[in-house]
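K.L.:
One file: query_1.txt (compact mmCIF, N, CA and C atoms).
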# COMPACT_ATOMS: atom_id res chain seq x y z
N MET N 1 -40.86 35.39 46.69
CA MET N 1 -42.06 36.12 46.33
C MET N 1 -43.08 36.01 47.47
N ILE N 2 -42.67 36.38 48.66
CA ILE N 2 -43.59 36.30 49.79
C ILE N 2 -44.44 37.56 49.87
N SER N 3 -45.54 37.43 50.54
CA SER N 3 -46.44 38.58 50.67
C SER N 3 -45.87 39.56 51.70
N GLU N 4 -46.47 40.73 51.73
CA GLU N 4 -46.02 41.76 52.67
C GLU N 4 -46.19 41.28 54.11
N VAL N 5 -47.30 40.62 54.38
CA VAL N 5 -47.57 40.13 55.74
C VAL N 5 -46.52 39.10 56.16
N ASP N 6 -46.22 38.14 55.26
CA ASP N 6 -45.22 37.13 55.58
C ASP N 6 -43.84 37.75 55.78
N PHE N 7 -43.50 38.74 54.97
CA PHE N 7 -42.21 39.42 55.12
C PHE N 7 -42.16 40.14 56.47
N GLN N 8 -43.22 40.83 56.82
CA GLN N 8 -43.25 41.53 58.11
C GLN N 8 -43.15 40.54 59.26
N ASP N 9 -43.83 39.41 59.16
CA ASP N 9 -43.72 38.38 60.20
C ASP N 9 -42.30 37.86 60.32
N SER N 10 -41.64 37.72 59.19
CA SER N 10 -40.27 37.18 59.19
C SER N 10 -39.28 38.14 59.84
N ILE N 11 -39.42 39.44 59.58
CA ILE N 11 -38.45 40.38 60.14
C ILE N 11 -38.85 40.88 61.52
N HIS N 12 -40.11 40.67 61.90
CA HIS N 12 -40.57 41.10 63.22
C HIS N 12 -39.81 40.40 64.35
N VAL N 13 -39.47 39.13 64.15
CA VAL N 13 -38.78 38.36 65.19
C VAL N 13 -37.34 38.82 65.39
N LEU N 14 -36.82 39.63 64.47
CA LEU N 14 -35.44 40.11 64.60
C LEU N 14 -35.31 41.23 65.62
N GLY N 15 -36.43 41.84 66.01
CA GLY N 15 -36.42 42.85 67.07
C GLY N 15 -36.03 44.24 66.62
N PHE N 16 -36.17 44.56 65.34
CA PHE N 16 -35.88 45.91 64.85
C PHE N 16 -37.02 46.85 65.21
N SER N 17 -36.74 48.13 65.12
CA SER N 17 -37.78 49.14 65.38
C SER N 17 -38.81 49.12 64.25
N ASP N 18 -39.99 49.67 64.51
CA ASP N 18 -41.06 49.71 63.50
C ASP N 18 -40.64 50.50 62.27
N GLU N 19 -39.90 51.57 62.49
CA GLU N 19 -39.44 52.40 61.37
C GLU N 19 -38.49 51.62 60.47
N LEU N 20 -37.57 50.87 61.08
CA LEU N 20 -36.63 50.06 60.30
C LEU N 20 -37.36 48.93 59.59
N ASN N 21 -38.35 48.33 60.25
CA ASN N 21 -39.14 47.27 59.60
C ASN N 21 -39.86 47.80 58.37
N LYS N 22 -40.41 49.01 58.46
CA LYS N 22 -41.10 49.61 57.30
C LYS N 22 -40.12 49.90 56.18
N SER N 23 -38.92 50.36 56.55
CA SER N 23 -37.90 50.63 55.52
C SER N 23 -37.47 49.34 54.83
N LEU N 24 -37.28 48.30 55.61
CA LEU N 24 -36.90 47.00 55.02
C LEU N 24 -38.00 46.47 54.11
N LEU N 25 -39.24 46.63 54.53
CA LEU N 25 -40.36 46.18 53.70
C LEU N 25 -40.39 46.94 52.39
N GLN N 26 -40.19 48.25 52.43
CA GLN N 26 -40.21 49.05 51.21
C GLN N 26 -39.05 48.65 50.29
N LEU N 27 -37.86 48.44 50.85
CA LEU N 27 -36.72 47.99 50.05
C LEU N 27 -37.01 46.64 49.40
N TYR N 28 -37.62 45.75 50.18
CA TYR N 28 -37.96 44.43 49.64
C TYR N 28 -38.95 44.56 48.48
N LEU N 29 -39.99 45.35 48.67
CA LEU N 29 -41.01 45.49 47.62
C LEU N 29 -40.44 46.13 46.36
N ASP N 30 -39.52 47.09 46.53
CA ASP N 30 -38.92 47.75 45.37
C ASP N 30 -37.98 46.83 44.60
N ASN N 31 -37.32 45.91 45.30
CA ASN N 31 -36.28 45.08 44.66
C ASN N 31 -36.64 43.60 44.66
N ARG N 32 -37.91 43.27 44.75
CA ARG N 32 -38.33 41.88 44.88
C ARG N 32 -37.87 41.01 43.72
N LYS N 33 -38.03 41.46 42.49
CA LYS N 33 -37.66 40.64 41.33
C LYS N 33 -36.16 40.43 41.25
N GLU N 34 -35.40 41.46 41.53
CA GLU N 34 -33.94 41.35 41.49
C GLU N 34 -33.44 40.40 42.59
N ILE N 35 -34.02 40.50 43.76
CA ILE N 35 -33.65 39.60 44.87
C ILE N 35 -33.93 38.16 44.47
N ARG N 36 -35.09 37.94 43.87
CA ARG N 36 -35.47 36.58 43.47
C ARG N 36 -34.51 36.02 42.42
N SER N 37 -34.11 36.82 41.45
CA SER N 37 -33.20 36.33 40.41
C SER N 37 -31.81 36.04 40.98
N ILE N 38 -31.34 36.89 41.89
CA ILE N 38 -30.02 36.65 42.49
C ILE N 38 -30.04 35.39 43.34
N LEU N 39 -31.09 35.21 44.13
CA LEU N 39 -31.20 34.01 44.95
C LEU N 39 -31.30 32.76 44.10
N GLY N 40 -31.96 32.87 42.95
CA GLY N 40 -32.05 31.73 42.03
C GLY N 40 -30.70 31.34 41.47
N GLU N 41 -29.83 32.32 41.22
CA GLU N 41 -28.49 32.04 40.71
C GLU N 41 -27.60 31.45 41.79
N LEU N 42 -27.81 31.85 43.03
CA LEU N 42 -26.97 31.38 44.13
C LEU N 42 -27.39 30.02 44.67
N ALA N 43 -28.56 29.55 44.29
CA ALA N 43 -29.07 28.28 44.81
C ALA N 43 -28.13 27.14 44.40
N PRO N 44 -27.78 26.28 45.34
CA PRO N 44 -26.88 25.17 44.99
C PRO N 44 -27.58 24.17 44.08
N ARG N 45 -26.84 23.62 43.18
CA ARG N 45 -27.36 22.60 42.28
C ARG N 45 -27.09 21.24 42.93
N LEU N 46 -28.07 20.74 43.65
CA LEU N 46 -27.90 19.49 44.39
C LEU N 46 -28.26 18.31 43.51
N PRO N 47 -27.63 17.16 43.77
CA PRO N 47 -28.00 15.97 43.01
C PRO N 47 -29.41 15.52 43.36
N SER N 48 -30.06 14.85 42.42
CA SER N 48 -31.41 14.35 42.64
C SER N 48 -31.41 12.83 42.54
N TYR N 49 -32.38 12.23 43.20
CA TYR N 49 -32.52 10.77 43.24
C TYR N 49 -32.90 10.24 41.87
N HIS N 50 -32.26 9.13 41.48
CA HIS N 50 -32.61 8.44 40.24
C HIS N 50 -33.14 7.04 40.56
N SER N 51 -32.35 6.24 41.27
CA SER N 51 -32.80 4.90 41.63
C SER N 51 -31.96 4.37 42.79
N LEU N 52 -32.43 3.26 43.35
CA LEU N 52 -31.74 2.64 44.49
C LEU N 52 -31.75 1.13 44.30
N GLU N 53 -30.57 0.54 44.42
CA GLU N 53 -30.45 -0.92 44.42
C GLU N 53 -30.02 -1.30 45.83
N TRP N 54 -30.54 -2.39 46.35
CA TRP N 54 -30.15 -2.81 47.68
C TRP N 54 -30.01 -4.33 47.75
N ARG N 55 -29.25 -4.74 48.75
CA ARG N 55 -28.99 -6.18 48.92
C ARG N 55 -28.80 -6.43 50.41
N LEU N 56 -29.36 -7.52 50.91
CA LEU N 56 -29.17 -7.93 52.29
C LEU N 56 -28.14 -9.04 52.31
N GLU N 57 -27.08 -8.83 53.05
CA GLU N 57 -26.02 -9.83 53.16
C GLU N 57 -25.97 -10.32 54.61
N VAL N 58 -25.80 -11.62 54.79
CA VAL N 58 -25.72 -12.19 56.13
C VAL N 58 -24.53 -13.14 56.17
N GLN N 59 -23.61 -12.86 57.09
CA GLN N 59 -22.48 -13.74 57.30
C GLN N 59 -22.87 -14.69 58.42
N LEU N 60 -22.94 -15.98 58.11
CA LEU N 60 -23.40 -16.97 59.09
C LEU N 60 -22.27 -17.56 59.91
N ALA N 61 -21.09 -17.64 59.36
CA ALA N 61 -19.96 -18.21 60.08
C ALA N 61 -18.67 -17.77 59.42
N SER N 62 -17.59 -17.92 60.19
CA SER N 62 -16.26 -17.67 59.65
C SER N 62 -15.34 -18.78 60.14
N ARG N 63 -14.09 -18.72 59.78
CA ARG N 63 -13.16 -19.77 60.20
C ARG N 63 -13.01 -19.80 61.72
N SER N 64 -12.98 -18.62 62.32
CA SER N 64 -12.76 -18.56 63.76
C SER N 64 -14.06 -18.66 64.58
N LEU N 65 -15.14 -18.16 64.05
CA LEU N 65 -16.43 -18.22 64.74
C LEU N 65 -17.41 -19.02 63.91
N ARG N 66 -17.74 -20.19 64.39
CA ARG N 66 -18.58 -21.10 63.61
C ARG N 66 -20.05 -20.68 63.59
N GLN N 67 -20.51 -20.07 64.67
CA GLN N 67 -21.90 -19.66 64.72
C GLN N 67 -21.97 -18.16 65.01
N GLN N 68 -22.05 -17.43 63.97
CA GLN N 68 -22.21 -15.98 64.11
C GLN N 68 -23.17 -15.52 63.04
N ILE N 69 -23.98 -14.56 63.38
CA ILE N 69 -24.90 -13.98 62.41
C ILE N 69 -24.59 -12.50 62.35
N LYS N 70 -24.12 -12.07 61.19
CA LYS N 70 -23.72 -10.68 61.01
C LYS N 70 -24.43 -10.13 59.77
N PRO N 71 -25.62 -9.50 59.94
CA PRO N 71 -26.34 -8.95 58.79
C PRO N 71 -25.79 -7.59 58.37
N ALA N 72 -25.90 -7.30 57.10
CA ALA N 72 -25.50 -6.00 56.56
C ALA N 72 -26.39 -5.68 55.36
N VAL N 73 -26.74 -4.41 55.24
CA VAL N 73 -27.53 -3.95 54.10
C VAL N 73 -26.62 -3.09 53.23
N THR N 74 -26.49 -3.48 51.97
CA THR N 74 -25.67 -2.73 51.02
C THR N 74 -26.62 -2.06 50.03
N MET N 75 -26.41 -0.76 49.84
CA MET N 75 -27.26 0.02 48.95
C MET N 75 -26.40 0.74 47.92
N LYS N 76 -26.88 0.79 46.71
CA LYS N 76 -26.24 1.56 45.66
C LYS N 76 -27.21 2.64 45.24
N LEU N 77 -26.88 3.87 45.54
CA LEU N 77 -27.75 5.02 45.30
C LEU N 77 -27.30 5.71 44.02
N HIS N 78 -28.18 5.73 43.03
CA HIS N 78 -27.90 6.38 41.76
C HIS N 78 -28.47 7.80 41.80
N LEU N 79 -27.63 8.79 41.44
CA LEU N 79 -28.01 10.20 41.50
C LEU N 79 -27.82 10.87 40.15
N ASN N 80 -28.64 11.88 39.88
CA ASN N 80 -28.50 12.72 38.69
C ASN N 80 -28.07 14.11 39.15
N GLN N 81 -27.09 14.68 38.44
CA GLN N 81 -26.70 16.06 38.70
C GLN N 81 -26.23 16.67 37.39
N ASN N 82 -26.98 17.66 36.93
CA ASN N 82 -26.66 18.35 35.68
C ASN N 82 -26.47 17.37 34.53
N GLU N 83 -27.40 16.46 34.38
CA GLU N 83 -27.40 15.44 33.33
C GLU N 83 -26.26 14.43 33.46
N ASP N 84 -25.51 14.47 34.54
CA ASP N 84 -24.49 13.46 34.83
C ASP N 84 -25.05 12.49 35.86
N GLN N 85 -24.71 11.23 35.71
CA GLN N 85 -25.16 10.24 36.68
C GLN N 85 -23.97 9.76 37.50
N SER N 86 -24.21 9.58 38.79
CA SER N 86 -23.19 9.04 39.67
C SER N 86 -23.84 8.03 40.58
N ALA N 87 -23.02 7.22 41.23
CA ALA N 87 -23.53 6.19 42.13
C ALA N 87 -22.70 6.20 43.41
N GLN N 88 -23.38 6.04 44.52
CA GLN N 88 -22.73 5.95 45.82
C GLN N 88 -23.10 4.60 46.43
N VAL N 89 -22.09 3.88 46.91
CA VAL N 89 -22.33 2.60 47.55
C VAL N 89 -22.26 2.81 49.06
N LEU N 90 -23.31 2.39 49.75
CA LEU N 90 -23.42 2.56 51.19
C LEU N 90 -23.66 1.20 51.83
N GLN N 91 -23.06 0.99 53.00
CA GLN N 91 -23.30 -0.27 53.70
C GLN N 91 -23.51 0.03 55.17
N THR N 92 -24.51 -0.62 55.75
CA THR N 92 -24.83 -0.38 57.15
C THR N 92 -25.46 -1.63 57.75
N ASP N 93 -25.54 -1.65 59.06
CA ASP N 93 -26.23 -2.75 59.73
C ASP N 93 -27.71 -2.39 59.85
N PRO N 94 -28.59 -3.37 60.04
CA PRO N 94 -30.03 -3.08 60.10
C PRO N 94 -30.44 -2.13 61.22
N ALA N 95 -29.78 -2.18 62.36
CA ALA N 95 -30.15 -1.29 63.46
C ALA N 95 -29.90 0.17 63.10
N THR N 96 -28.78 0.46 62.47
CA THR N 96 -28.48 1.82 62.05
C THR N 96 -29.44 2.27 60.95
N LEU N 97 -29.79 1.36 60.06
CA LEU N 97 -30.74 1.68 59.00
C LEU N 97 -32.12 2.02 59.59
N LEU N 98 -32.56 1.28 60.59
CA LEU N 98 -33.83 1.58 61.24
C LEU N 98 -33.80 2.94 61.92
N HIS N 99 -32.68 3.27 62.55
CA HIS N 99 -32.53 4.58 63.19
C HIS N 99 -32.59 5.69 62.14
N LEU N 100 -31.93 5.49 61.02
CA LEU N 100 -31.95 6.46 59.93
C LEU N 100 -33.37 6.66 59.40
N ILE N 101 -34.10 5.57 59.24
CA ILE N 101 -35.49 5.65 58.78
C ILE N 101 -36.34 6.45 59.76
N GLN N 102 -36.16 6.22 61.05
CA GLN N 102 -36.92 6.96 62.06
C GLN N 102 -36.61 8.45 62.00
N GLN N 103 -35.33 8.79 61.83
CA GLN N 103 -34.95 10.20 61.75
C GLN N 103 -35.54 10.87 60.51
N LEU N 104 -35.53 10.17 59.38
CA LEU N 104 -36.10 10.72 58.15
C LEU N 104 -37.62 10.88 58.27
N GLU N 105 -38.28 9.91 58.89
CA GLU N 105 -39.73 10.03 59.10
C GLU N 105 -40.06 11.19 60.03
N GLN N 106 -39.22 11.41 61.04
CA GLN N 106 -39.42 12.54 61.94
C GLN N 106 -39.24 13.86 61.18
N ALA N 107 -38.24 13.93 60.31
CA ALA N 107 -38.02 15.14 59.52
C ALA N 107 -39.20 15.40 58.58
N LEU N 108 -39.74 14.34 57.98
CA LEU N 108 -40.91 14.50 57.12
C LEU N 108 -42.12 14.98 57.92
N GLY N 109 -42.25 14.49 59.14
CA GLY N 109 -43.34 14.95 60.00
C GLY N 109 -43.21 16.41 60.34
N GLU N 110 -41.98 16.88 60.56
CA GLU N 110 -41.76 18.29 60.87
C GLU N 110 -42.03 19.17 59.66
N MET N 111 -41.87 18.64 58.46
CA MET N 111 -42.15 19.41 57.25
C MET N 111 -43.64 19.70 57.10
N LYS N 112 -44.48 18.96 57.81
CA LYS N 112 -45.91 19.18 57.73
C LYS N 112 -46.38 20.27 58.68
N MET N 113 -45.48 20.79 59.50
CA MET N 113 -45.84 21.85 60.43
C MET N 113 -46.03 23.16 59.66
N ASN N 114 -46.88 24.05 60.17
CA ASN N 114 -47.21 25.29 59.47
C ASN N 114 -45.99 26.16 59.23
N HIS N 115 -45.09 26.24 60.20
CA HIS N 115 -43.90 27.08 60.04
C HIS N 115 -43.04 26.61 58.87
N CYS N 116 -42.82 25.31 58.79
CA CYS N 116 -42.01 24.76 57.69
C CYS N 116 -42.73 24.91 56.35
N ARG N 117 -44.04 24.73 56.35
CA ARG N 117 -44.80 24.90 55.10
C ARG N 117 -44.66 26.31 54.56
N ARG N 118 -44.71 27.29 55.46
CA ARG N 118 -44.59 28.68 55.03
C ARG N 118 -43.20 28.93 54.43
N ILE N 119 -42.17 28.40 55.06
CA ILE N 119 -40.81 28.60 54.55
C ILE N 119 -40.66 27.96 53.18
N VAL N 120 -41.12 26.72 53.04
CA VAL N 120 -41.00 26.01 51.76
C VAL N 120 -41.81 26.71 50.69
N ARG N 121 -43.01 27.16 51.03
CA ARG N 121 -43.85 27.85 50.04
C ARG N 121 -43.17 29.11 49.54
N ASN N 122 -42.48 29.81 50.42
CA ASN N 122 -41.82 31.05 50.02
C ASN N 122 -40.52 30.81 49.28
N MET N 123 -39.95 29.63 49.39
CA MET N 123 -38.72 29.31 48.67
C MET N 123 -38.98 29.01 47.21
N LYS N 124 -40.19 28.62 46.87
CA LYS N 124 -40.49 28.22 45.49
C LYS N 124 -40.62 29.41 44.58
Kindly present the structure from the file in structure tokens form.

P.N.:
Amino acid sequence: MISEVDFQDSIHVLGFSDELNKSLLQLYLDNRKEIRSILGELAPRLPSYHSLEWRLEVQLASRSLRQQIKPAVTMKLHLNQNEDQSAQVLQTDPATLLHLIQQLEQALGEMKMNHCRRIVRNMK
């Protein structure tokens, strides 16, 4: 349900002629509700977050290596999908977990940009 201006901005970057852009805009305006309902049906039903359990494990020694420190983070991610619950067990080392956190924070920062805000606003 984007405005005419947003639609024109979106198709302008495709490099079509002005006449074709006007035709596309008119088609969009005439069929806006039908397009929205079809896109709603095609949207994937993704699982949603329910809860997270985590545990820090540290192996201090083994039979062959008396002094070793091997940390690991084990996480159990509980998800909801269509009223069904599932759980995924994930294990990683702290360095990889820190890298993952940095990447997710970077993605969240990019979501605050105007271009991403416009896309998300129009998806709702």

K.L.:
Please indicate the distance in Å from atom N of Leu39 of chain N to atom N of Ile2 of chain N, rounded to one decimal place.

P.N.:
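Answer for the atom N of Leu39 of chain N to atom N of Ile2 of chain N separation: 12.5 Å.
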
K.L.:
Would you list, as number ranges by chain, the residues of segment 3-123 of chain N that end up in helix (DSSP H, G or I) under DSSP run on this structure's backbone?

P.N.:
N: 4-12, 18-30, 32-42, 94-111, 114-123

K.L.:
For atom CA of Leu97 of chain N and atom CA of Leu79 of chain N, quote the distance in Å rounded to one decimal.

P.N.:
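These two atoms are separated by 19.7 Å.
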
K.L.:
Please, what distance in Å, to one decimal, runs between atom CA of His99 of chain N and atom N of Glu57 of chain N?

P.N.:
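Interatomic distance here is 17.7 Å.
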
K.L.:
What lies within 9 Å of Val58 of chain N using only C-alpha atoms, ignoring chain neighbours under 6 positions off, as a list in words?

P.N.:
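Counting only C-alpha atoms, the residues come to Ile69, Lys70, Pro71, Ala72 and Val73 of chain N.
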
K.L.:
Counting only C-alpha atoms, which of N:Glu4, N:Arg121, N:His50, N:Glu41 gets nearest to Gln85 of chain N?

P.N.:
N:His50

K.L.:
Which residue is closest to Ser23 of chain N? Choose from N:Gln103, N:Gln8, N:Gln67, N:Ser37 and count only C-alpha atoms.

P.N.:
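Once distances to Ser23 of chain N are computed over only C-alpha atoms, the minimum belongs to N:Gln8.
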
K.L.:
Which neighbours of Pro47 of chain N fall inside 10 Å, counting only C-alpha atoms, when residues of the same chain fewer than 3 positions from it are skipped, and could you give them as an mmCIF file with N, CA and C atoms, keeping the file's coordinate frame?

P.N.:
data_model
loop_
_atom_site.group_PDB
_atom_site.id
_atom_site.type_symbol
_atom_site.label_atom_id
_atom_site.label_comp_id
_atom_site.auth_asym_id
_atom_site.auth_seq_id
_atom_site.Cartn_x
_atom_site.Cartn_y
_atom_site.Cartn_z
ATOM 1 N N PRO N 44 -27.780 26.280 45.340
ATOM 2 C CA PRO N 44 -26.880 25.170 44.990
ATOM 3 C C PRO N 44 -27.580 24.170 44.080
ATOM 4 N N HIS N 50 -32.260 9.130 41.480
ATOM 5 C CA HIS N 50 -32.610 8.440 40.240
ATOM 6 C C HIS N 50 -33.140 7.040 40.560
ATOM 7 N N HIS N 78 -28.180 5.730 43.030
ATOM 8 C CA HIS N 78 -27.900 6.380 41.760
ATOM 9 C C HIS N 78 -28.470 7.800 41.800
ATOM 10 N N LEU N 79 -27.630 8.790 41.440
ATOM 11 C CA LEU N 79 -28.010 10.200 41.500
ATOM 12 C C LEU N 79 -27.820 10.870 40.150
ATOM 13 N N ASN N 80 -28.640 11.880 39.880
ATOM 14 C CA ASN N 80 -28.500 12.720 38.690
ATOM 15 C C ASN N 80 -28.070 14.110 39.150
ATOM 16 N N GLN N 81 -27.090 14.680 38.440
ATOM 17 C CA GLN N 81 -26.700 16.060 38.700
ATOM 18 C C GLN N 81 -26.230 16.670 37.390
ATOM 19 N N ASN N 82 -26.980 17.660 36.930
ATOM 20 C CA ASN N 82 -26.660 18.350 35.680
ATOM 21 C C ASN N 82 -26.470 17.370 34.530
ATOM 22 N N GLU N 83 -27.400 16.460 34.380
ATOM 23 C CA GLU N 83 -27.400 15.440 33.330
ATOM 24 C C GLU N 83 -26.260 14.430 33.460
ATOM 25 N N ASP N 84 -25.510 14.470 34.540
ATOM 26 C CA ASP N 84 -24.490 13.460 34.830
ATOM 27 C C ASP N 84 -25.050 12.490 35.860
ATOM 28 N N GLN N 85 -24.710 11.230 35.710
ATOM 29 C CA GLN N 85 -25.160 10.240 36.680
ATOM 30 C C GLN N 85 -23.970 9.760 37.500
ATOM 31 N N SER N 86 -24.210 9.580 38.790
ATOM 32 C CA SER N 86 -23.190 9.040 39.670
ATOM 33 C C SER N 86 -23.840 8.030 40.580
#

K.L.:
I'd like the contact shell of His115 of chain N - 12 Å cut-off, only C-alpha atoms, skipping same-chain residues fewer than 5 positions apart - returned as a PDB file with N, CA and C atoms, in the frame of the given file.

P.N.:
ATOM      1  N   ASP N   6     -46.220  38.140  55.260  1.00  0.00           N
ATOM      2  CA  ASP N   6     -45.220  37.130  55.580  1.00  0.00           C
ATOM      3  C   ASP N   6     -43.840  37.750  55.780  1.00  0.00           C
ATOM      4  N   ASP N   9     -43.830  39.410  59.160  1.00  0.00           N
ATOM      5  CA  ASP N   9     -43.720  38.380  60.200  1.00  0.00           C
ATOM      6  C   ASP N   9     -42.300  37.860  60.320  1.00  0.00           C
ATOM      7  N   SER N  10     -41.640  37.720  59.190  1.00  0.00           N
ATOM      8  CA  SER N  10     -40.270  37.180  59.190  1.00  0.00           C
ATOM      9  C   SER N  10     -39.280  38.140  59.840  1.00  0.00           C
ATOM     10  N   GLU N 110     -41.980  16.880  60.560  1.00  0.00           N
ATOM     11  CA  GLU N 110     -41.760  18.290  60.870  1.00  0.00           C
ATOM     12  C   GLU N 110     -42.030  19.170  59.660  1.00  0.00           C
ATOM     13  N   VAL N 120     -41.120  26.720  53.040  1.00  0.00           N
ATOM     14  CA  VAL N 120     -41.000  26.010  51.760  1.00  0.00           C
ATOM     15  C   VAL N 120     -41.810  26.710  50.690  1.00  0.00           C
ATOM     16  N   ARG N 121     -43.010  27.160  51.030  1.00  0.00           N
ATOM     17  CA  ARG N 121     -43.850  27.850  50.040  1.00  0.00           C
ATOM     18  C   ARG N 121     -43.170  29.110  49.540  1.00  0.00           C
ATOM     19  N   ASN N 122     -42.480  29.810  50.420  1.00  0.00           N
ATOM     20  CA  ASN N 122     -41.820  31.050  50.020  1.00  0.00           C
ATOM     21  C   ASN N 122     -40.520  30.810  49.280  1.00  0.00           C
TER      22      ASN N 122
END

K.L.:
Just checking: using only C-alpha atoms, which residue out of N:Leu52, N:Leu27, N:Leu98, N:Ile11 ends up closest to Leu77 of chain N?

P.N.:
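Closest to Leu77 of chain N, using only C-alpha atoms: N:Leu52.
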
K.L.:
Which is closest to Arg32 of chain N among N:Gln102, N:Ser62, N:Ser3, N:Thr92, if we use only C-alpha atoms?

P.N.:
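That would be N:Ser3, the residue with the smallest distance to Arg32 of chain N.
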
K.L.:
Please export segment 75-94 of chain N as a PDB file, in the first residue's frame, restricted to C-alpha atoms.

P.N.:
ATOM      1  CA  MET N  75      22.292 -22.283  23.145  1.00  0.00           C
ATOM      2  CA  LYS N  76      18.854 -23.811  22.869  1.00  0.00           C
ATOM      3  CA  LEU N  77      16.614 -21.621  20.730  1.00  0.00           C
ATOM      4  CA  HIS N  78      12.881 -22.198  21.149  1.00  0.00           C
ATOM      5  CA  LEU N  79      10.742 -21.169  18.151  1.00  0.00           C
ATOM      6  CA  ASN N  80       7.015 -20.900  17.425  1.00  0.00           C
ATOM      7  CA  GLN N  81       5.609 -21.669  13.993  1.00  0.00           C
ATOM      8  CA  ASN N  82       1.888 -22.011  13.352  1.00  0.00           C
ATOM      9  CA  GLU N  83       1.220 -22.814  17.028  1.00  0.00           C
ATOM     10  CA  ASP N  84       3.896 -25.548  16.932  1.00  0.00           C
ATOM     11  CA  GLN N  85       6.997 -25.224  19.068  1.00  0.00           C
ATOM     12  CA  SER N  86      10.421 -26.444  18.056  1.00  0.00           C
ATOM     13  CA  ALA N  87      13.905 -26.134  19.505  1.00  0.00           C
ATOM     14  CA  GLN N  88      17.289 -25.815  17.853  1.00  0.00           C
ATOM     15  CA  VAL N  89      20.500 -26.540  19.744  1.00  0.00           C
ATOM     16  CA  LEU N  90      23.481 -24.458  18.651  1.00  0.00           C
ATOM     17  CA  GLN N  91      27.059 -24.554  19.894  1.00  0.00           C
ATOM     18  CA  THR N  92      29.855 -22.137  19.112  1.00  0.00           C
ATOM     19  CA  ASP N  93      33.039 -20.700  20.513  1.00  0.00           C
ATOM     20  CA  PRO N  94      32.996 -17.199  22.062  1.00  0.00           C
TER      21      PRO N  94
END
